[in-house]
$ cat structure.pdb   # PDB, C-alpha atoms and all ligand atoms
ATOM      1  CA  MET A   1       4.283 -12.471  12.643
ATOM      2  CA  THR A   2       3.280  -8.843  12.792
ATOM      3  CA  HIS A   3       2.245  -7.383   9.492
ATOM      4  CA  ASN A   4       2.116  -3.779  10.538
ATOM      5  CA  GLN A   5       5.366  -3.473  12.328
ATOM      6  CA  ALA A   6       6.154   0.219  12.837
ATOM      7  CA  ILE A   7       8.758   1.623  10.475
ATOM      8  CA  GLY A   8      10.952   4.264  11.999
ATOM      9  CA  PRO A   9      14.514   5.473  11.830
ATOM     10  CA  SER A  10      17.201   3.158  13.122
ATOM     11  CA  GLU A  11      20.682   4.236  12.075
ATOM     12  CA  ALA A  12      20.739   7.547  10.275
ATOM     13  CA  VAL A  13      22.922   8.220   7.230
ATOM     14  CA  THR A  14      22.289  11.912   6.595
ATOM     15  CA  GLU A  15      18.544  12.039   7.146
ATOM     16  CA  LEU A  16      17.360   8.885   5.437
ATOM     17  CA  HIS A  17      16.012   5.981   7.427
ATOM     18  CA  LEU A  18      18.413   3.077   7.139
ATOM     19  CA  HIS A  19      17.256  -0.329   8.327
ATOM     20  CA  VAL A  20      19.981  -2.944   8.414
ATOM     21  CA  VAL A  21      18.273  -6.297   8.922
ATOM     22  CA  ALA A  22      19.557  -9.833   9.303
ATOM     23  CA  ASP A  23      18.881 -11.301   5.901
ATOM     24  CA  TYR A  24      16.891 -11.370   2.680
ATOM     25  CA  VAL A  25      13.775 -12.719   4.381
ATOM     26  CA  GLU A  26      13.760  -9.727   6.718
ATOM     27  CA  VAL A  27      14.320  -7.287   3.836
ATOM     28  CA  SER A  28      11.308  -8.809   2.086
ATOM     29  CA  ARG A  29       9.112  -8.724   5.161
ATOM     30  CA  LEU A  30       9.980  -5.156   6.113
ATOM     31  CA  ALA A  31       9.478  -3.941   2.525
ATOM     32  CA  ALA A  32       6.093  -5.702   2.478
ATOM     33  CA  ASP A  33       5.272  -3.990   5.788
ATOM     34  CA  VAL A  34       5.881  -0.561   4.256
ATOM     35  CA  VAL A  35       3.780  -1.366   1.175
ATOM     36  CA  THR A  36       1.044  -2.718   3.448
ATOM     37  CA  ARG A  37       1.036   0.385   5.590
ATOM     38  CA  VAL A  38       0.899   2.768   2.620
ATOM     39  CA  VAL A  39      -1.980   0.839   1.024
ATOM     40  CA  GLN A  40      -3.908   0.549   4.283
ATOM     41  CA  ASP A  41      -3.527   4.290   4.878
ATOM     42  CA  ASN A  42      -4.498   5.115   1.324
ATOM     43  CA  PRO A  43      -6.374   2.287  -0.421
ATOM     44  CA  GLU A  44      -6.416   4.174  -3.741
ATOM     45  CA  ALA A  45      -2.732   5.071  -3.686
ATOM     46  CA  ALA A  46      -0.716   5.310  -6.888
ATOM     47  CA  ILE A  47       2.432   3.248  -6.358
ATOM     48  CA  THR A  48       5.330   1.793  -8.297
ATOM     49  CA  LEU A  49       7.122  -1.447  -7.453
ATOM     50  CA  PRO A  50      10.272  -2.942  -8.988
ATOM     51  CA  THR A  51      11.209  -6.055 -10.937
ATOM     52  CA  GLY A  52      14.322  -8.182 -10.419
ATOM     53  CA  GLU A  53      15.538 -10.830  -8.020
ATOM     54  CA  THR A  54      15.499  -8.585  -4.946
ATOM     55  CA  PRO A  55      11.732  -7.914  -4.764
ATOM     56  CA  ARG A  56      10.619 -11.546  -5.277
ATOM     57  CA  GLY A  57      10.351 -12.200  -1.543
ATOM     58  CA  MET A  58       8.429  -8.966  -0.977
ATOM     59  CA  TYR A  59       5.915 -10.006  -3.646
ATOM     60  CA  GLN A  60       5.511 -13.472  -2.117
ATOM     61  CA  GLU A  61       4.799 -11.864   1.224
ATOM     62  CA  LEU A  62       2.323  -9.363  -0.252
ATOM     63  CA  VAL A  63       0.490 -12.081  -2.190
ATOM     64  CA  ARG A  64       0.242 -14.159   0.976
ATOM     65  CA  ARG A  65      -1.282 -11.224   2.856
ATOM     66  CA  ILE A  66      -3.722 -10.508   0.007
ATOM     67  CA  ARG A  67      -4.815 -14.174  -0.101
ATOM     68  CA  GLU A  68      -5.313 -14.169   3.651
ATOM     69  CA  SER A  69      -7.440 -11.018   3.224
ATOM     70  CA  ALA A  70      -5.053  -9.133   5.488
ATOM     71  CA  LEU A  71      -4.437  -6.682   2.656
ATOM     72  CA  ASP A  72      -6.752  -5.304  -0.019
ATOM     73  CA  PHE A  73      -4.972  -4.133  -3.142
ATOM     74  CA  SER A  74      -8.059  -3.768  -5.302
ATOM     75  CA  GLY A  75      -8.198   0.037  -5.161
ATOM     76  CA  VAL A  76      -4.502   0.656  -5.751
ATOM     77  CA  HIS A  77      -3.277   2.191  -8.997
ATOM     78  CA  PHE A  78      -0.096   0.481 -10.047
ATOM     79  CA  PHE A  79       2.399   2.246 -12.347
ATOM     80  CA  SER A  80       5.242   0.173 -13.730
ATOM     81  CA  LEU A  81       8.783   1.437 -13.259
ATOM     82  CA  ASP A  82      10.338   0.232 -16.495
ATOM     83  CA  ASP A  83      10.312  -2.256 -19.339
ATOM     84  CA  TYR A  84      12.409  -3.150 -22.326
ATOM     85  CA  TRP A  85      11.823  -0.908 -25.308
ATOM     86  CA  GLY A  86       9.591  -2.688 -27.838
ATOM     87  CA  LYS A  87       8.345  -5.297 -25.331
ATOM     88  CA  GLY A  88       4.921  -5.301 -23.727
ATOM     89  CA  VAL A  89       2.781  -7.565 -21.606
ATOM     90  CA  ASP A  90       2.170 -10.003 -24.479
ATOM     91  CA  ASP A  91       5.884 -10.755 -24.695
ATOM     92  CA  GLU A  92       6.810 -13.333 -22.054
ATOM     93  CA  THR A  93      10.257 -11.778 -21.668
ATOM     94  CA  SER A  94       8.896  -8.327 -20.831
ATOM     95  CA  LEU A  95       9.160  -7.012 -17.301
ATOM     96  CA  THR A  96       5.432  -6.300 -17.387
ATOM     97  CA  ALA A  97       4.714  -9.984 -18.075
ATOM     98  CA  TRP A  98       6.997 -10.893 -15.174
ATOM     99  CA  LEU A  99       5.162  -8.509 -12.860
ATOM    100  CA  ASN A 100       1.809  -9.779 -14.035
ATOM    101  CA  GLU A 101       2.782 -13.321 -13.200
ATOM    102  CA  ILE A 102       4.537 -12.641  -9.902
ATOM    103  CA  PHE A 103       2.247  -9.999  -8.510
ATOM    104  CA  LEU A 104      -0.392  -8.134 -10.498
ATOM    105  CA  ARG A 105      -2.576 -11.154 -11.273
ATOM    106  CA  PRO A 106      -2.357 -12.690  -7.783
ATOM    107  CA  ALA A 107      -2.977  -9.215  -6.285
ATOM    108  CA  ASN A 108      -6.265  -9.143  -8.170
ATOM    109  CA  LEU A 109      -5.720  -5.648  -9.450
ATOM    110  CA  ASP A 110      -8.404  -4.327 -11.730
ATOM    111  CA  HIS A 111      -7.080  -4.096 -15.296
ATOM    112  CA  ASP A 112      -7.952  -0.384 -15.332
ATOM    113  CA  HIS A 113      -5.723   0.131 -12.313
ATOM    114  CA  VAL A 114      -2.581  -1.158 -14.003
ATOM    115  CA  HIS A 115      -0.616   1.485 -15.911
ATOM    116  CA  VAL A 116       2.469   0.382 -17.792
ATOM    117  CA  VAL A 117       5.335   2.478 -19.107
ATOM    118  CA  PRO A 118       4.704   3.069 -22.819
ATOM    119  CA  SER A 119       7.406   0.698 -24.024
ATOM    120  CA  LEU A 120       5.556   0.108 -27.304
ATOM    121  CA  ALA A 121       4.805   3.764 -28.044
ATOM    122  CA  SER A 122       4.779   5.045 -31.607
ATOM    123  CA  ASP A 123       5.478   8.511 -30.185
ATOM    124  CA  PRO A 124       7.573   7.795 -27.075
ATOM    125  CA  VAL A 125       8.060  11.439 -26.084
ATOM    126  CA  GLN A 126       4.358  12.216 -26.181
ATOM    127  CA  GLU A 127       3.293   8.938 -24.529
ATOM    128  CA  ALA A 128       5.946   9.232 -21.821
ATOM    129  CA  ALA A 129       4.629  12.715 -21.001
ATOM    130  CA  ALA A 130       1.083  11.308 -20.917
ATOM    131  CA  TYR A 131       2.285   8.590 -18.502
ATOM    132  CA  GLU A 132       3.672  11.241 -16.174
ATOM    133  CA  GLN A 133       0.385  13.154 -16.425
ATOM    134  CA  GLU A 134      -1.566  10.024 -15.532
ATOM    135  CA  ILE A 135       0.553   9.635 -12.376
ATOM    136  CA  GLU A 136      -0.267  13.248 -11.514
ATOM    137  CA  ARG A 137      -3.960  12.677 -12.217
ATOM    138  CA  ARG A 138      -3.891   9.847  -9.652
ATOM    139  CA  GLY A 139      -2.515  12.240  -7.037
ATOM    140  CA  GLY A 140       1.188  11.449  -7.591
ATOM    141  CA  LEU A 141       3.068   8.403  -6.396
ATOM    142  CA  LYS A 142       2.461   7.680  -2.721
ATOM    143  CA  LEU A 143       5.191   5.059  -2.806
ATOM    144  CA  ALA A 144       8.077   4.041  -5.031
ATOM    145  CA  VAL A 145       9.889   0.829  -4.124
ATOM    146  CA  VAL A 146      13.133   0.435  -6.068
ATOM    147  CA  GLY A 147      16.006  -2.013  -6.234
ATOM    148  CA  LEU A 148      19.607  -1.080  -6.902
ATOM    149  CA  GLY A 149      21.425  -2.269 -10.011
ATOM    150  CA  PRO A 150      25.043  -3.405  -9.828
ATOM    151  CA  ASN A 151      25.986  -0.159 -11.616
ATOM    152  CA  GLY A 152      23.872   1.990  -9.300
ATOM    153  CA  HIS A 153      20.838   2.247 -11.560
ATOM    154  CA  VAL A 154      17.333   2.643 -10.161
ATOM    155  CA  GLY A 155      14.592   1.668 -12.543
ATOM    156  CA  PHE A 156      16.610   1.683 -15.751
ATOM    157  CA  ASN A 157      18.182   5.034 -14.975
ATOM    158  CA  GLU A 158      21.700   4.092 -15.946
ATOM    159  CA  PRO A 159      24.841   6.047 -14.956
ATOM    160  CA  GLY A 160      24.652   9.484 -16.586
ATOM    161  CA  SER A 161      20.950   9.861 -15.811
ATOM    162  CA  THR A 162      20.190  13.282 -14.385
ATOM    163  CA  ILE A 163      18.357  14.080 -11.169
ATOM    164  CA  ASP A 164      15.526  15.748 -13.077
ATOM    165  CA  SER A 165      15.100  13.010 -15.700
ATOM    166  CA  ARG A 166      11.534  11.918 -16.448
ATOM    167  CA  THR A 167       9.969   8.893 -18.128
ATOM    168  CA  ARG A 168      11.853   8.280 -21.354
ATOM    169  CA  VAL A 169      13.630   5.817 -23.616
ATOM    170  CA  VAL A 170      17.169   5.018 -22.433
ATOM    171  CA  GLU A 171      20.131   3.024 -23.710
ATOM    172  CA  LEU A 172      20.935   0.003 -21.542
ATOM    173  CA  THR A 173      24.549  -0.626 -20.628
ATOM    174  CA  GLN A 174      25.996  -4.013 -21.562
ATOM    175  CA  GLN A 175      26.248  -4.711 -17.824
ATOM    176  CA  SER A 176      22.514  -4.224 -17.360
ATOM    177  CA  GLN A 177      21.729  -6.312 -20.429
ATOM    178  CA  ASN A 178      23.855  -9.139 -19.019
ATOM    179  CA  GLN A 179      22.301  -8.743 -15.551
ATOM    180  CA  ASN A 180      18.818  -9.033 -16.982
ATOM    181  CA  ALA A 181      19.693 -11.864 -19.365
ATOM    182  CA  ALA A 182      20.523 -13.873 -16.244
ATOM    183  CA  TYR A 183      16.833 -13.688 -15.229
ATOM    184  CA  TYR A 184      16.078 -15.793 -18.298
ATOM    185  CA  ASP A 185      18.964 -18.251 -17.866
ATOM    186  CA  GLY A 186      20.930 -16.063 -20.237
ATOM    187  CA  GLU A 187      18.922 -17.424 -23.138
ATOM    188  CA  LYS A 188      16.769 -14.546 -24.179
ATOM    189  CA  ARG A 189      18.272 -11.545 -25.877
ATOM    190  CA  ILE A 190      17.761  -8.371 -23.874
ATOM    191  CA  PRO A 191      17.086  -5.250 -25.957
ATOM    192  CA  ASP A 192      19.666  -2.472 -25.814
ATOM    193  CA  LYS A 193      17.016   0.109 -24.931
ATOM    194  CA  ALA A 194      14.334   0.471 -22.276
ATOM    195  CA  MET A 195      11.557   2.833 -21.236
ATOM    196  CA  THR A 196      11.915   3.891 -17.611
ATOM    197  CA  MET A 197      10.415   6.314 -15.147
ATOM    198  CA  GLY A 198      13.013   9.042 -14.592
ATOM    199  CA  ILE A 199      14.963   9.820 -11.460
ATOM    200  CA  GLY A 200      12.827  12.955 -11.093
ATOM    201  CA  THR A 201       9.658  10.860 -11.402
ATOM    202  CA  ILE A 202      10.832   8.564  -8.597
ATOM    203  CA  LEU A 203      12.031  11.432  -6.388
ATOM    204  CA  ASP A 204       8.562  13.017  -6.552
ATOM    205  CA  ALA A 205       7.066  10.021  -4.677
ATOM    206  CA  ASP A 206       5.881  10.738  -1.131
ATOM    207  CA  LEU A 207       7.931   7.775   0.102
ATOM    208  CA  ILE A 208      10.788   5.886  -1.550
ATOM    209  CA  VAL A 209      11.902   2.463  -0.361
ATOM    210  CA  LEU A 210      15.256   1.125  -1.546
ATOM    211  CA  ILE A 211      15.722  -2.618  -1.068
ATOM    212  CA  VAL A 212      19.155  -4.194  -1.361
ATOM    213  CA  SER A 213      20.424  -7.649  -0.438
ATOM    214  CA  GLY A 214      23.669  -9.607  -0.645
ATOM    215  CA  THR A 215      27.426  -9.031  -0.596
ATOM    216  CA  ALA A 216      27.507  -8.554  -4.362
ATOM    217  CA  LYS A 217      25.758  -5.211  -3.770
ATOM    218  CA  ALA A 218      27.971  -4.102  -0.840
ATOM    219  CA  ASP A 219      30.258  -1.826  -2.889
ATOM    220  CA  ILE A 220      27.514  -0.194  -4.903
ATOM    221  CA  LEU A 221      25.379   0.287  -1.786
ATOM    222  CA  LYS A 222      28.295   2.071  -0.125
ATOM    223  CA  ALA A 223      28.735   4.311  -3.182
ATOM    224  CA  THR A 224      24.972   4.953  -3.212
ATOM    225  CA  LEU A 225      24.611   5.868   0.457
ATOM    226  CA  GLU A 226      28.046   7.253   1.304
ATOM    227  CA  GLY A 227      29.706   8.361  -1.942
ATOM    228  CA  PRO A 228      29.222  11.626  -3.814
ATOM    229  CA  ILE A 229      25.681  12.404  -4.966
ATOM    230  CA  SER A 230      26.261  12.138  -8.674
ATOM    231  CA  ALA A 231      24.909  10.879 -11.990
ATOM    232  CA  ASP A 232      27.762   8.329 -11.926
ATOM    233  CA  VAL A 233      25.694   6.447  -9.330
ATOM    234  CA  PRO A 234      22.074   7.376 -10.045
ATOM    235  CA  GLY A 235      20.887   5.702  -6.828
ATOM    236  CA  SER A 236      22.801   8.352  -4.863
ATOM    237  CA  PHE A 237      20.170  10.912  -5.957
ATOM    238  CA  LEU A 238      17.687   9.124  -3.701
ATOM    239  CA  ARG A 239      19.504  10.661  -0.713
ATOM    240  CA  THR A 240      18.340  14.117  -1.797
ATOM    241  CA  VAL A 241      14.841  13.385  -0.458
ATOM    242  CA  GLY A 242      16.136  12.946   3.098
ATOM    243  CA  ALA A 243      13.597  11.352   5.408
ATOM    244  CA  ARG A 244      11.301  10.379   2.514
ATOM    245  CA  LEU A 245      13.821   7.614   1.763
ATOM    246  CA  ILE A 246      13.771   4.325   3.660
ATOM    247  CA  ALA A 247      16.666   2.022   2.787
ATOM    248  CA  ILE A 248      16.030  -1.589   3.797
ATOM    249  CA  VAL A 249      19.187  -3.633   3.405
ATOM    250  CA  ASP A 250      20.530  -6.851   4.823
ATOM    251  CA  LYS A 251      23.767  -7.224   6.769
ATOM    252  CA  ASP A 252      25.587  -8.607   3.738
ATOM    253  CA  ALA A 253      24.710  -5.621   1.575
ATOM    254  CA  ALA A 254      25.561  -3.270   4.452
ATOM    255  CA  SER A 255      28.916  -4.907   5.162
ATOM    256  CA  ASN A 256      30.983  -2.029   3.669
ATOM    257  CA  LEU A 257      28.993   0.832   5.185
ATOM    258  CA  SER A 258      30.846   2.875   7.725
TER     259      SER A 258
HETATM  260  P1  LIG B 301      18.139  -7.264  -8.857
HETATM  261  O1  LIG B 301      18.056  -5.961  -9.759
HETATM  262  O2  LIG B 301      17.083  -7.108  -7.817
HETATM  263  O3  LIG B 301      17.850  -8.385  -9.778
HETATM  264  O4  LIG B 301      19.506  -7.292  -8.279
HETATM  265  C1  LIG B 301      17.992  -4.722  -9.162
HETATM  266  C2  LIG B 301      17.904  -3.666 -10.216
HETATM  267  O5  LIG B 301      18.583  -3.788 -11.250
HETATM  268  O6  LIG B 301      17.180  -2.690 -10.023
END

$ encode --input "structure.pdb" --output "structure tokens"
Amino acid sequence: MTHNQAIGPSEAVTELHLHVVADYVEVSRLAADVVTRVVQDNPEAAITLPTGETPRGMYQELVRRIRESALDFSGVHFFSLDDYWGKGVDDETSLTAWLNEIFLRPANLDHDHVHVVPSLASDPVQEAAAYEQEIERRGGLKLAVVGLGPNGHVGFNEPGSTIDSRTRVVELTQQSQNQNAAYYDGEKRIPDKAMTMGIGTILDADLIVLIVSGTAKADILKATLEGPISADVPGSFLRTVGARLIAIVDKDAASNLS
């Protein structure tokens, strides 16, 4: 298998690079290829990577490459995309704990290189601004990989989020709470608020990778890539960056695209 497969435009929707691949395994491998390339080109890159079911395969692939010494993540600065408000790494149901388990620990990232959204902040406005400043201090995000929520959210930027939104506390829709409860067999109560990087924060990244898999996402992917660019579908704002967006989707997710 080639780890550094070239990423280039295939089918163009406006100017973004859309890669329609066979299946979830291919989505994961291609996403891992992009992360690999960015980190190899810039070993001290600041990057953000998502949580959820979609990126699991990408993380497995990245961990495999790191263990085989084909990829060195030790200089990377990782910034988390989002977490539940009031939950931090010590809470096993936090997204940060999930990331730690699935990726950050196996990737052997230096503790000082892991920056988490201030989901436990006593002054969320001030600490969210400081988080944004820390991203800037690290040279800005070289890469943002994001998934797509069933309601079109990216990070936890729910419908209604504006294109210039920054890191902040947001209300979670019931749909997103139910979606995330499913990650814990529906057992654990999901808070009704979260701290998330904003749409504007994500759009500032040098490169954005959107990963989407499965027929359940076909309608929302169509709205995201082909519908109006609007706060009703926050993912649609990703199209405003043109060629800085790479969408990697499988055939099932792409089945409604024209
Ligand atoms: P999923 O979540 O990968 O679990 O579908 C995507 C998201 O909500 O961003």

$ closest_atom_pairs --input "structure.pdb" --of "chain A" --to "ligand LIG 301 (chain B)" --cutoff "6 Å" --atoms "only C-alpha atoms and all ligand atoms" --output "CSV"
residue,atom,partner,partner_atom,distance
A:Gly52,CA,B:LIG301,O3,3.6
A:Glu53,CA,B:LIG301,O3,3.8
A:Thr54,CA,B:LIG301,O2,3.6
A:Gly147,CA,B:LIG301,O6,4.0
A:Leu148,CA,B:LIG301,O6,4.3
A:Gly149,CA,B:LIG301,O5,3.5
A:Val154,CA,B:LIG301,O6,5.3
A:Gly155,CA,B:LIG301,O6,5.7

$ closest_residue --input "structure.pdb" --among "A:Val233, A:Leu30, A:Ile211, A:Ala194" --to "A:Asp83" --atoms "all atoms listed in the file"
A:Ala194

$ residues_near_point --input "structure.pdb" --point "(15.2, 20.7, -9.1)" --cutoff "12 Å" --atoms "all atoms listed in the file" --output "PDB file with C-alpha atoms, in the coordinates of the input"
ATOM      1  CA  THR A 162      20.190  13.282 -14.385  1.00  0.00           C
ATOM      2  CA  ILE A 163      18.357  14.080 -11.169  1.00  0.00           C
ATOM      3  CA  ASP A 164      15.526  15.748 -13.077  1.00  0.00           C
ATOM      4  CA  SER A 165      15.100  13.010 -15.700  1.00  0.00           C
ATOM      5  CA  ILE A 199      14.963   9.820 -11.460  1.00  0.00           C
ATOM      6  CA  GLY A 200      12.827  12.955 -11.093  1.00  0.00           C
ATOM      7  CA  THR A 201       9.658  10.860 -11.402  1.00  0.00           C
ATOM      8  CA  LEU A 203      12.031  11.432  -6.388  1.00  0.00           C
ATOM      9  CA  ASP A 204       8.562  13.017  -6.552  1.00  0.00           C
ATOM     10  CA  PHE A 237      20.170  10.912  -5.957  1.00  0.00           C
ATOM     11  CA  THR A 240      18.340  14.117  -1.797  1.00  0.00           C
ATOM     12  CA  VAL A 241      14.841  13.385  -0.458  1.00  0.00           C
TER      13      VAL A 241
END

$ residues_around --input "structure.pdb" --residues "A:Ser230" --least-positions-apart "5" --cutoff "10 Å" --atoms "only C-alpha atoms" --output "JSON, numbers by chain"
{"A": [159, 160, 161, 162, 163, 223, 224, 235, 236, 237]}

$ resolve_selection --input "structure.pdb" --expression "the PyMOL selection byres (((chain A and resi 75) around 6) and not hetatm)" --output "list in words"
Pro43, Glu44, Phe73, Ser74 and Val76 of chain A

$ closest_residue --input "structure.pdb" --among "A:Val35, A:Ala205, A:Leu120, A:Val249" --to "A:Trp85" --atoms "only C-alpha atoms"
A:Leu120

$ resolve_selection --input "structure.pdb" --expression "the PyMOL selection byres (((chain A and resi 117) around 12) and not hetatm)" --output "PDB file with C-alpha atoms, in the coordinates of the input"
ATOM      1  CA  THR A  48       5.330   1.793  -8.297  1.00  0.00           C
ATOM      2  CA  PHE A  78      -0.096   0.481 -10.047  1.00  0.00           C
ATOM      3  CA  PHE A  79       2.399   2.246 -12.347  1.00  0.00           C
ATOM      4  CA  SER A  80       5.242   0.173 -13.730  1.00  0.00           C
ATOM      5  CA  LEU A  81       8.783   1.437 -13.259  1.00  0.00           C
ATOM      6  CA  ASP A  82      10.338   0.232 -16.495  1.00  0.00           C
ATOM      7  CA  ASP A  83      10.312  -2.256 -19.339  1.00  0.00           C
ATOM      8  CA  TYR A  84      12.409  -3.150 -22.326  1.00  0.00           C
ATOM      9  CA  TRP A  85      11.823  -0.908 -25.308  1.00  0.00           C
ATOM     10  CA  GLY A  86       9.591  -2.688 -27.838  1.00  0.00           C
ATOM     11  CA  LYS A  87       8.345  -5.297 -25.331  1.00  0.00           C
ATOM     12  CA  GLY A  88       4.921  -5.301 -23.727  1.00  0.00           C
ATOM     13  CA  VAL A  89       2.781  -7.565 -21.606  1.00  0.00           C
ATOM     14  CA  SER A  94       8.896  -8.327 -20.831  1.00  0.00           C
ATOM     15  CA  LEU A  95       9.160  -7.012 -17.301  1.00  0.00           C
ATOM     16  CA  THR A  96       5.432  -6.300 -17.387  1.00  0.00           C
ATOM     17  CA  VAL A 114      -2.581  -1.158 -14.003  1.00  0.00           C
ATOM     18  CA  HIS A 115      -0.616   1.485 -15.911  1.00  0.00           C
ATOM     19  CA  VAL A 116       2.469   0.382 -17.792  1.00  0.00           C
ATOM     20  CA  PRO A 118       4.704   3.069 -22.819  1.00  0.00           C
ATOM     21  CA  SER A 119       7.406   0.698 -24.024  1.00  0.00           C
ATOM     22  CA  LEU A 120       5.556   0.108 -27.304  1.00  0.00           C
ATOM     23  CA  ALA A 121       4.805   3.764 -28.044  1.00  0.00           C
ATOM     24  CA  PRO A 124       7.573   7.795 -27.075  1.00  0.00           C
ATOM     25  CA  VAL A 125       8.060  11.439 -26.084  1.00  0.00           C
ATOM     26  CA  GLU A 127       3.293   8.938 -24.529  1.00  0.00           C
ATOM     27  CA  ALA A 128       5.946   9.232 -21.821  1.00  0.00           C
ATOM     28  CA  ALA A 129       4.629  12.715 -21.001  1.00  0.00           C
ATOM     29  CA  ALA A 130       1.083  11.308 -20.917  1.00  0.00           C
ATOM     30  CA  TYR A 131       2.285   8.590 -18.502  1.00  0.00           C
ATOM     31  CA  GLU A 132       3.672  11.241 -16.174  1.00  0.00           C
ATOM     32  CA  GLU A 134      -1.566  10.024 -15.532  1.00  0.00           C
ATOM     33  CA  ILE A 135       0.553   9.635 -12.376  1.00  0.00           C
ATOM     34  CA  GLY A 155      14.592   1.668 -12.543  1.00  0.00           C
ATOM     35  CA  PHE A 156      16.610   1.683 -15.751  1.00  0.00           C
ATOM     36  CA  ARG A 166      11.534  11.918 -16.448  1.00  0.00           C
ATOM     37  CA  THR A 167       9.969   8.893 -18.128  1.00  0.00           C
ATOM     38  CA  ARG A 168      11.853   8.280 -21.354  1.00  0.00           C
ATOM     39  CA  VAL A 169      13.630   5.817 -23.616  1.00  0.00           C
ATOM     40  CA  ALA A 194      14.334   0.471 -22.276  1.00  0.00           C
ATOM     41  CA  MET A 195      11.557   2.833 -21.236  1.00  0.00           C
ATOM     42  CA  THR A 196      11.915   3.891 -17.611  1.00  0.00           C
ATOM     43  CA  MET A 197      10.415   6.314 -15.147  1.00  0.00           C
ATOM     44  CA  GLY A 198      13.013   9.042 -14.592  1.00  0.00           C
TER      45      GLY A 198
END

$ closest_residue --input "structure.pdb" --among "A:Pro106, A:Pro50, A:Pro191, A:Gly242" --to "A:Val145" --atoms "only C-alpha atoms"
A:Pro50

$ decode --input "structure.pdb" --residues "stretch 105-110 of chain A" --atoms "all heavy atoms" --output "JSON list (two decimals), in the first residue's frame"
[["chain", "number", "residue", "atom", "x", "y", "z"],
["A", 105, "ARG", "N", -2.59, 9.22, 22.67],
["A", 105, "ARG", "CA", -1.62, 8.39, 23.40],
["A", 105, "ARG", "C", -0.83, 7.51, 22.46],
["A", 105, "ARG", "O", 0.41, 7.54, 22.46],
["A", 105, "ARG", "CB", -2.33, 7.57, 24.49],
["A", 105, "ARG", "CG", -1.68, 7.79, 25.85],
["A", 105, "ARG", "CD", -2.21, 6.88, 26.93],
["A", 105, "ARG", "NE", -3.54, 6.38, 26.75],
["A", 105, "ARG", "CZ", -4.59, 6.77, 27.48],
["A", 105, "ARG", "NH1", -4.45, 7.66, 28.42],
["A", 105, "ARG", "NH2", -5.77, 6.25, 27.26],
["A", 106, "PRO", "N", -1.52, 6.73, 21.58],
["A", 106, "PRO", "CA", -0.75, 5.91, 20.64],
["A", 106, "PRO", "C", 0.16, 6.73, 19.72],
["A", 106, "PRO", "O", 1.21, 6.25, 19.29],
["A", 106, "PRO", "CB", -1.83, 5.19, 19.81],
["A", 106, "PRO", "CG", -3.09, 5.32, 20.56],
["A", 106, "PRO", "CD", -2.96, 6.48, 21.49],
["A", 107, "ALA", "N", -0.24, 7.99, 19.43],
["A", 107, "ALA", "CA", 0.59, 8.82, 18.53],
["A", 107, "ALA", "C", 1.81, 9.36, 19.25],
["A", 107, "ALA", "O", 2.67, 9.97, 18.61],
["A", 107, "ALA", "CB", -0.23, 9.98, 17.98],
["A", 108, "ASN", "N", 1.86, 9.15, 20.58],
["A", 108, "ASN", "CA", 3.04, 9.54, 21.34],
["A", 108, "ASN", "C", 3.29, 11.04, 21.30],
["A", 108, "ASN", "O", 4.42, 11.49, 21.25],
["A", 108, "ASN", "CB", 4.26, 8.80, 20.75],
["A", 108, "ASN", "CG", 5.29, 8.56, 21.82],
["A", 108, "ASN", "OD1", 4.97, 8.67, 23.01],
["A", 108, "ASN", "ND2", 6.51, 8.27, 21.41],
["A", 109, "LEU", "N", 2.20, 11.78, 21.32],
["A", 109, "LEU", "CA", 2.34, 13.23, 21.31],
["A", 109, "LEU", "C", 2.77, 13.72, 22.68],
["A", 109, "LEU", "O", 2.22, 13.29, 23.69],
["A", 109, "LEU", "CB", 0.99, 13.88, 20.96],
["A", 109, "LEU", "CG", 0.72, 14.14, 19.50],
["A", 109, "LEU", "CD1", -0.62, 14.84, 19.32],
["A", 109, "LEU", "CD2", 1.81, 14.98, 18.89],
["A", 110, "ASP", "N", 3.73, 14.60, 22.68],
["A", 110, "ASP", "CA", 4.17, 15.24, 23.91],
["A", 110, "ASP", "C", 2.97, 15.95, 24.55],
["A", 110, "ASP", "O", 2.19, 16.59, 23.85],
["A", 110, "ASP", "CB", 5.25, 16.26, 23.51],
["A", 110, "ASP", "CG", 5.95, 16.84, 24.71],
["A", 110, "ASP", "OD1", 5.27, 17.13, 25.71],
["A", 110, "ASP", "OD2", 7.18, 17.01, 24.63]]
